[in-house]
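Peer 1: First the structure, then my questions, so here it is.
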There are 2 protein chains.
Amino acid sequence: MPVDLQMVPKQKRPVGQPCCDPVVYPDTERAEAERMASVAKALGDPIRLQLVDVLRKHAGKVCVCELTPLFDVGQPTVSHHLKVLRQAGIVDSERRGLWAYYYVVPEALEELTAWLN
Amino acid sequence: MPVDLQMVPKQKRPVGQPCCDPVVYPDTERAEAERMASVAKALGDPIRLQLVDVLRKHAGKVCVCELTPLFDVGQPTVSHHLKVLRQAGIVDSERRGLWAYYYVVPEALEELTAWLN
DNA sequence: ATATTACATTGACGAATGACGATTGAATTG
DNA sequence: CAATTCAATCGTCATTCGTCAATGTAATAT
């Protein structure tokens, strides 16, 4: 949870005494910050963000060969970005025959979304 | 805006004909995706996310010397992360005497937040 | 069996990132 | 003045990232 910092503007400070008292940082927030940062990081690329956008709007499932032509990068690169999103827990996939269908994991964005609000 | 993709599962496809018809991607979304991705990218580091968290919760202004001891990195590194956040438009700063006070730019996270909801 | 299609993986590359120590600059204090 | 403090910047380094060409793998079609 939040650290309670002094808001008062600093003024004359005795010499030899550094800026402020050491503030203990509760690491309860630490793990949470790492989870949310990893999700944000995965969204921190225009192609990945648009991939999520398309997959979200078509809540069903879209195969990769439909996603690839949407971007100016090759198929392996799209596959790579999908892997990054999968490893971040944002999407998952299911194979049907030759095709791979990706979809957004519903609860994946909840924590970050809640934090932003 | 969203691309309207066919949701129907693929079946037998004539030989010599690739996966799907070329889909025109409206680049209206492109610039928006780049803006949101750059914000997400800036939030994609635990330290930066916690910096924003602290600055948001203490809506006023916090000097850098109070932020530094919260993390296990040196002062130049905190300064670097603040610069990244500033360049992403997420925070801004104001100097008062020796101290620099950072604060979150209110509308900076709006677009990404809205997209996530 | 052979060819074709969809997708993933590998390895390579230049570019960007996160961290540090050292230094600099500006404002304050003695 | 000189010394001190806060914060930014500069180099440097190791790591990670985004992309590609090439290849691998599995399923399908002829």
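Following the order of the structure tokens, first chain is A, next is B, and so on, with residues numbered from 1 inside each chain and ligands from 1 in the order they appear.
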Tell me the residues of chain D close to chain A, meaning within 9 Å using only C-alpha atoms (C1' of nucleotides), as a list in words.

Peer 2: DT4, DT5, DC6, DG18, DT19, DC20, DA26, DA27 and DT28 of chain D

Peer 1: I need the chosen residues saved as an mmCIF file, in the first residue's frame, with N, CA and C atoms (P, O5', C5', C4', C3', O3' and C1' of nucleotides).

Peer 2:
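Below is the file again24.cif, written as the result:
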data_model
loop_
_atom_site.group_PDB
_atom_site.id
_atom_site.type_symbol
_atom_site.label_atom_id
_atom_site.label_comp_id
_atom_site.auth_asym_id
_atom_site.auth_seq_id
_atom_site.Cartn_x
_atom_site.Cartn_y
_atom_site.Cartn_z
ATOM 1 P P DT D 4 31.770 19.688 3.116
ATOM 2 O "O5'" DT D 4 30.211 19.776 2.791
ATOM 3 C "C5'" DT D 4 29.381 20.631 3.577
ATOM 4 C "C4'" DT D 4 27.980 20.654 3.021
ATOM 5 C "C3'" DT D 4 27.464 19.287 2.558
ATOM 6 O "O3'" DT D 4 26.206 19.051 3.142
ATOM 7 C "C1'" DT D 4 27.115 20.934 0.884
ATOM 8 P P DT D 5 25.583 17.564 3.188
ATOM 9 O "O5'" DT D 5 24.336 17.703 2.195
ATOM 10 C "C5'" DT D 5 23.396 18.757 2.404
ATOM 11 C "C4'" DT D 5 22.566 18.921 1.156
ATOM 12 C "C3'" DT D 5 22.087 17.606 0.541
ATOM 13 O "O3'" DT D 5 20.676 17.579 0.527
ATOM 14 C "C1'" DT D 5 22.960 19.071 -1.105
ATOM 15 P P DC D 6 19.884 16.257 0.072
ATOM 16 O "O5'" DC D 6 19.361 16.660 -1.377
ATOM 17 C "C5'" DC D 6 18.499 17.784 -1.522
ATOM 18 C "C4'" DC D 6 18.238 18.017 -2.994
ATOM 19 C "C3'" DC D 6 17.711 16.804 -3.746
ATOM 20 O "O3'" DC D 6 16.563 17.193 -4.495
ATOM 21 C "C1'" DC D 6 19.655 17.664 -4.812
ATOM 22 P P DG D 18 9.682 -5.815 -28.077
ATOM 23 O "O5'" DG D 18 10.132 -5.708 -29.604
ATOM 24 C "C5'" DG D 18 10.459 -4.443 -30.138
ATOM 25 C "C4'" DG D 18 10.866 -4.610 -31.583
ATOM 26 C "C3'" DG D 18 9.890 -5.408 -32.449
ATOM 27 O "O3'" DG D 18 9.717 -4.734 -33.681
ATOM 28 C "C1'" DG D 18 12.039 -6.399 -32.528
ATOM 29 P P DT D 19 8.632 -5.260 -34.725
ATOM 30 O "O5'" DT D 19 9.526 -6.038 -35.788
ATOM 31 C "C5'" DT D 19 10.509 -5.320 -36.533
ATOM 32 C "C4'" DT D 19 11.488 -6.267 -37.198
ATOM 33 C "C3'" DT D 19 10.861 -7.355 -38.059
ATOM 34 O "O3'" DT D 19 10.783 -6.916 -39.401
ATOM 35 C "C1'" DT D 19 12.808 -8.106 -36.841
ATOM 36 P P DC D 20 10.102 -7.826 -40.525
ATOM 37 O "O5'" DC D 20 11.312 -8.763 -41.000
ATOM 38 C "C5'" DC D 20 12.550 -8.167 -41.410
ATOM 39 C "C4'" DC D 20 13.598 -9.255 -41.575
ATOM 40 C "C3'" DC D 20 13.139 -10.418 -42.443
ATOM 41 O "O3'" DC D 20 13.797 -10.352 -43.700
ATOM 42 C "C1'" DC D 20 14.215 -11.175 -40.420
ATOM 43 P P DA D 26 5.527 -32.853 -35.012
ATOM 44 O "O5'" DA D 26 3.947 -32.737 -35.196
ATOM 45 C "C5'" DA D 26 3.288 -31.547 -34.764
ATOM 46 C "C4'" DA D 26 2.212 -31.170 -35.743
ATOM 47 C "C3'" DA D 26 1.361 -32.352 -36.226
ATOM 48 O "O3'" DA D 26 0.013 -32.107 -35.863
ATOM 49 C "C1'" DA D 26 2.015 -30.967 -38.037
ATOM 50 P P DA D 27 -1.089 -33.249 -36.028
ATOM 51 O "O5'" DA D 27 -1.996 -32.721 -37.213
ATOM 52 C "C5'" DA D 27 -2.539 -31.422 -37.116
ATOM 53 C "C4'" DA D 27 -3.015 -30.978 -38.490
ATOM 54 C "C3'" DA D 27 -3.953 -31.971 -39.174
ATOM 55 O "O3'" DA D 27 -5.134 -31.286 -39.555
ATOM 56 C "C1'" DA D 27 -2.195 -31.326 -40.629
ATOM 57 P P DT D 28 -6.385 -32.085 -40.139
ATOM 58 O "O5'" DT D 28 -6.330 -31.762 -41.702
ATOM 59 C "C5'" DT D 28 -6.251 -30.419 -42.125
ATOM 60 C "C4'" DT D 28 -5.880 -30.360 -43.587
ATOM 61 C "C3'" DT D 28 -6.758 -31.226 -44.495
ATOM 62 O "O3'" DT D 28 -7.425 -30.374 -45.410
ATOM 63 C "C1'" DT D 28 -4.442 -31.446 -45.028
#

Peer 1: Need to verify the contact set: DT17 of chain C, 9 Å, only C-alpha atoms (C1' of nucleotides), exclusion of same-chain residues closer than 2 positions in sequence. Can you return it as a tab-separated table (two decimals) with C-alpha atoms (C1' of nucleotides), in the first residue's frame?

Peer 2:
chain	number	residue	atom	x	y	z
D	15	DT	C1'	20.94	-7.68	-21.28
D	16	DT	C1'	16.73	-7.56	-23.69
D	17	DC	C1'	13.94	-6.42	-27.75

Peer 1: Find the residues of chain C that sit at most 12 Å from chain A; for each, write down the nearest two atoms and how far apart they are in Å, to one decimal. Count only C-alpha atoms (C1' of nucleotides). Sort by chain, then by number going up, and give it as a tab-separated table.

Peer 2:
residue	atom	partner	partner_atom	distance
C:DT4	C1'	A:Leu98	CA	11.7
C:DT5	C1'	A:Leu98	CA	7.8
C:DA6	C1'	A:Leu98	CA	5.4
C:DC7	C1'	A:Ala100	CA	7.4
C:DA8	C1'	A:Ser79	CA	7.2
C:DT9	C1'	A:Pro76	CA	8.8
C:DT10	C1'	A:Pro76	CA	10.8
C:DA27	C1'	A:Lys12	CA	11.7
C:DT28	C1'	A:Lys12	CA	8.0
C:DT29	C1'	A:Val15	CA	7.8
C:DG30	C1'	A:Val15	CA	9.3

Peer 1: Keeping only N, CA and C atoms (P, O5', C5', C4', C3', O3' and C1' of nucleotides), write those residues as a PDB file, in the first residue's frame.

Peer 2:
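Ended up saving to selection-v4.pdb:
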ATOM      1  P    DT C   4       3.504 -27.878 -54.344  1.00  0.00           P
ATOM      2  O5'  DT C   4       2.468 -27.454 -53.213  1.00  0.00           O
ATOM      3  C5'  DT C   4       1.100 -27.871 -53.318  1.00  0.00           C
ATOM      4  C4'  DT C   4       0.334 -27.454 -52.070  1.00  0.00           C
ATOM      5  C3'  DT C   4       0.709 -26.062 -51.537  1.00  0.00           C
ATOM      6  O3'  DT C   4      -0.478 -25.332 -51.297  1.00  0.00           O
ATOM      7  C1'  DT C   4       0.827 -27.663 -49.812  1.00  0.00           C
ATOM      8  P    DT C   5      -0.438 -23.762 -51.125  1.00  0.00           P
ATOM      9  O5'  DT C   5      -0.943 -23.575 -49.640  1.00  0.00           O
ATOM     10  C5'  DT C   5      -2.155 -24.204 -49.200  1.00  0.00           C
ATOM     11  C4'  DT C   5      -2.165 -24.280 -47.685  1.00  0.00           C
ATOM     12  C3'  DT C   5      -1.782 -22.978 -46.985  1.00  0.00           C
ATOM     13  O3'  DT C   5      -2.873 -22.507 -46.212  1.00  0.00           O
ATOM     14  C1'  DT C   5      -0.669 -24.866 -46.037  1.00  0.00           C
ATOM     15  P    DA C   6      -2.755 -21.153 -45.344  1.00  0.00           P
ATOM     16  O5'  DA C   6      -2.333 -21.715 -43.917  1.00  0.00           O
ATOM     17  C5'  DA C   6      -3.256 -22.525 -43.186  1.00  0.00           C
ATOM     18  C4'  DA C   6      -2.743 -22.707 -41.771  1.00  0.00           C
ATOM     19  C3'  DA C   6      -2.354 -21.405 -41.065  1.00  0.00           C
ATOM     20  O3'  DA C   6      -2.845 -21.434 -39.739  1.00  0.00           O
ATOM     21  C1'  DA C   6      -0.490 -22.889 -41.143  1.00  0.00           C
ATOM     22  P    DC C   7      -2.790 -20.096 -38.861  1.00  0.00           P
ATOM     23  O5'  DC C   7      -1.452 -20.327 -38.037  1.00  0.00           O
ATOM     24  C5'  DC C   7      -1.378 -21.479 -37.181  1.00  0.00           C
ATOM     25  C4'  DC C   7       0.055 -21.737 -36.800  1.00  0.00           C
ATOM     26  C3'  DC C   7       0.781 -20.575 -36.132  1.00  0.00           C
ATOM     27  O3'  DC C   7       0.775 -20.822 -34.731  1.00  0.00           O
ATOM     28  C1'  DC C   7       2.183 -21.874 -37.573  1.00  0.00           C
ATOM     29  P    DA C   8       1.660 -20.002 -33.709  1.00  0.00           P
ATOM     30  O5'  DA C   8       3.002 -20.853 -33.592  1.00  0.00           O
ATOM     31  C5'  DA C   8       2.915 -22.240 -33.342  1.00  0.00           C
ATOM     32  C4'  DA C   8       4.319 -22.834 -33.196  1.00  0.00           C
ATOM     33  C3'  DA C   8       5.247 -22.019 -32.296  1.00  0.00           C
ATOM     34  O3'  DA C   8       5.954 -22.921 -31.458  1.00  0.00           O
ATOM     35  C1'  DA C   8       6.211 -22.236 -34.462  1.00  0.00           C
ATOM     36  P    DT C   9       6.898 -22.350 -30.346  1.00  0.00           P
ATOM     37  O5'  DT C   9       8.354 -22.537 -30.986  1.00  0.00           O
ATOM     38  C5'  DT C   9       8.673 -23.755 -31.630  1.00  0.00           C
ATOM     39  C4'  DT C   9      10.051 -23.662 -32.267  1.00  0.00           C
ATOM     40  C3'  DT C   9      11.086 -22.897 -31.439  1.00  0.00           C
ATOM     41  O3'  DT C   9      12.216 -23.725 -31.263  1.00  0.00           O
ATOM     42  C1'  DT C   9      11.075 -22.131 -33.683  1.00  0.00           C
ATOM     43  P    DT C  10      13.363 -23.320 -30.252  1.00  0.00           P
ATOM     44  O5'  DT C  10      14.601 -22.994 -31.201  1.00  0.00           O
ATOM     45  C5'  DT C  10      14.852 -23.809 -32.349  1.00  0.00           C
ATOM     46  C4'  DT C  10      15.786 -23.075 -33.294  1.00  0.00           C
ATOM     47  C3'  DT C  10      16.881 -22.255 -32.602  1.00  0.00           C
ATOM     48  O3'  DT C  10      18.142 -22.823 -32.905  1.00  0.00           O
ATOM     49  C1'  DT C  10      15.858 -21.049 -34.389  1.00  0.00           C
ATOM     50  P    DA C  27      19.650  27.906 -10.084  1.00  0.00           P
ATOM     51  O5'  DA C  27      19.498  27.656  -8.521  1.00  0.00           O
ATOM     52  C5'  DA C  27      18.621  26.625  -8.079  1.00  0.00           C
ATOM     53  C4'  DA C  27      18.867  26.370  -6.616  1.00  0.00           C
ATOM     54  C3'  DA C  27      18.883  27.627  -5.743  1.00  0.00           C
ATOM     55  O3'  DA C  27      17.991  27.426  -4.652  1.00  0.00           O
ATOM     56  C1'  DA C  27      20.833  26.326  -5.364  1.00  0.00           C
ATOM     57  P    DT C  28      17.838  28.457  -3.517  1.00  0.00           P
ATOM     58  O5'  DT C  28      18.808  27.859  -2.415  1.00  0.00           O
ATOM     59  C5'  DT C  28      18.647  26.479  -2.048  1.00  0.00           C
ATOM     60  C4'  DT C  28      19.516  26.166  -0.832  1.00  0.00           C
ATOM     61  C3'  DT C  28      19.530  27.244   0.240  1.00  0.00           C
ATOM     62  O3'  DT C  28      19.334  26.624   1.504  1.00  0.00           O
ATOM     63  C1'  DT C  28      21.752  26.704  -0.422  1.00  0.00           C
ATOM     64  P    DT C  29      19.231  27.502   2.818  1.00  0.00           P
ATOM     65  O5'  DT C  29      20.654  27.226   3.475  1.00  0.00           O
ATOM     66  C5'  DT C  29      21.097  25.879   3.614  1.00  0.00           C
ATOM     67  C4'  DT C  29      22.511  25.854   4.179  1.00  0.00           C
ATOM     68  C3'  DT C  29      22.757  26.793   5.355  1.00  0.00           C
ATOM     69  O3'  DT C  29      23.411  26.084   6.386  1.00  0.00           O
ATOM     70  C1'  DT C  29      24.392  27.140   3.684  1.00  0.00           C
ATOM     71  P    DG C  30      23.600  26.703   7.782  1.00  0.00           P
ATOM     72  O5'  DG C  30      25.162  27.043   7.795  1.00  0.00           O
ATOM     73  C5'  DG C  30      26.097  25.990   7.571  1.00  0.00           C
ATOM     74  C4'  DG C  30      27.515  26.552   7.581  1.00  0.00           C
ATOM     75  C3'  DG C  30      27.774  27.570   8.692  1.00  0.00           C
ATOM     76  O3'  DG C  30      29.071  27.369   9.228  1.00  0.00           O
ATOM     77  C1'  DG C  30      28.239  28.540   6.587  1.00  0.00           C
TER      78       DG C  30
END

Peer 1: Please identify which residues in segment 75-109 of chain A DSSP calls alpha helix (DSSP H) from the backbone, and express them as a list in words.

Peer 2: Gln75, Pro76, Thr77, Val78, Ser79, His80, His81, Leu82, Lys83, Val84, Leu85, Arg86 and Gln87 of chain A

Peer 1: I'd like the interatomic distance between atom CA of Arg48 of chain A and atom CA of Ala88 of chain A, to a tenth of an Å.

Peer 2: 11.4 Å

Peer 1: Can you work out which one of A:Leu85, A:Ala31, A:Ile47, A:Ala37 has the shortest atom-to-atom distance to chain B, counting only C-alpha atoms?

Peer 2: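 Distance minimum relative to chain B lands on A:Ala37.
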
Peer 1: Kindly indicate which residue among A:Gln87, A:Thr68, A:Ser93, A:Gln50 lies nearest to chain B, using only C-alpha atoms for the distances.

Peer 2: A:Gln50

Peer 1: Could you state the separation of atom CA of Leu55 of chain A and atom CA of Val104 of chain A in Å, given to one decimal place?

Peer 2: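 Atom-to-atom, atom CA of Leu55 of chain A and atom CA of Val104 of chain A are spaced 6.2 Å apart.
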
Peer 1: To test your reading of the structure, identify every residue in segment 35-112 of chain B that backbone DSSP assigns to strand (DSSP E), and report it as a list in words.

Peer 2: Val62, Cys63, Val91, Asp92, Ser93, Glu94, Arg95, Arg96, Trp99, Ala100, Tyr101, Tyr102, Tyr103 and Val104 of chain B

Peer 1: Taking only C-alpha atoms into account, name the residue in B:Pro106, B:Ala33, B:Asp72, B:Leu67 that is nearest to chain A.

Peer 2: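 Selected residue with least distance to chain A: B:Ala33.
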